[in-house]
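Down below is the structure, laid out as C-alpha cells.
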Amino acid sequence: MTLTVCIGSSCHLKGSKKVAQTFERLITENNLREKVNFHAAFCMGNCQNGISVSLDDKVYSVTPETAEEFFRTQVMARL
Ligand code: FES
C-alpha cells in the first residue's frame with residue numbers, strides 16, 4: 001500500500017508536516033514499515049481540499065486533527 005502526503009505549499013501551510021509526523025509515528029508504533037510505503041509529494045492538484053493524502057490511487061482530505069483517525073480507519077483497516 002502506498003501512502004503519500006502532499007507537502008506542496010498550500011498543504012504545508014495547513015499543517016501537512018504534522019500529518020506526516022503522525023503517520024510516521026503510527027507506522028513505527030505499529031511496525032508497518034514493510035507494509036506501508038510512505039512518501040511525501042508536491043501538489044496533488046487538490047489544494048482547496050487539502051491537506052491532500054493519497055492512499056494508492058485515491059486522494060483524501062486530512063487535517064492534523066483527523067490524521068490519526070484516518071490512519072486507523074483507512075490504512076490499518078485495509079492491511
Ligand atoms: S499543495 Fe497540496 S494539493 Fe496542492
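Labels used: A, B, ... for chains in the order of the C-alpha cells, numbers from 1 for residues in each chain, and numbers from 1 for ligands as shown.
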- Return as a ChimeraX atom specification the residues of protein, DNA or RNA that approach ligand 1 to within 10 Å, with only C-alpha atoms and all ligand atoms taken into account. /A:5-14,16,41-53,59,61
- Can you list, as a PyMOL selection string, every protein, DNA or RNA residue that comes within 12 Å of Asp57 in chain A when you count only C-alpha atoms, leaving out same-chain residues fewer than 2 positions away? chain A and resi 1-4+44+53-55+59-60
- Message: List the spatial neighbours of range 17-27 of chain A as a PyMOL selection string - criterion: any atom at most 8 Å away, only C-alpha atoms, same-chain residues fewer than 2 positions off excluded.
- Response: chain A and resi 5+7+12+15+29-33+36+40+62-64+67-68+71
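DSSP annotation of chain A from backbone atoms: strand (DSSP E) residues are Thr2, Leu3, Thr4, Val5, Cys6, Asn37, Phe38, His39, Ala40, Ala41, Ser52, Val53, Ser54, Leu55, Lys58, Val59, Tyr60 and Ser61 of chain A.
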- Coordinates-based distance that separates CA of Thr66 in chain A from CA of Lys35 in chain A (Å, one decimal):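 For CA of Lys35 in chain A relative to CA of Thr66 in chain A, the distance reads 21.5 Å.
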- Message: According to DSSP computed on the backbone, where in chain A is there helix (DSSP H, G or I)? Give the residues as a PyMOL selection string.
- Response: chain A and resi 9-14+16-29+47-49+67-78
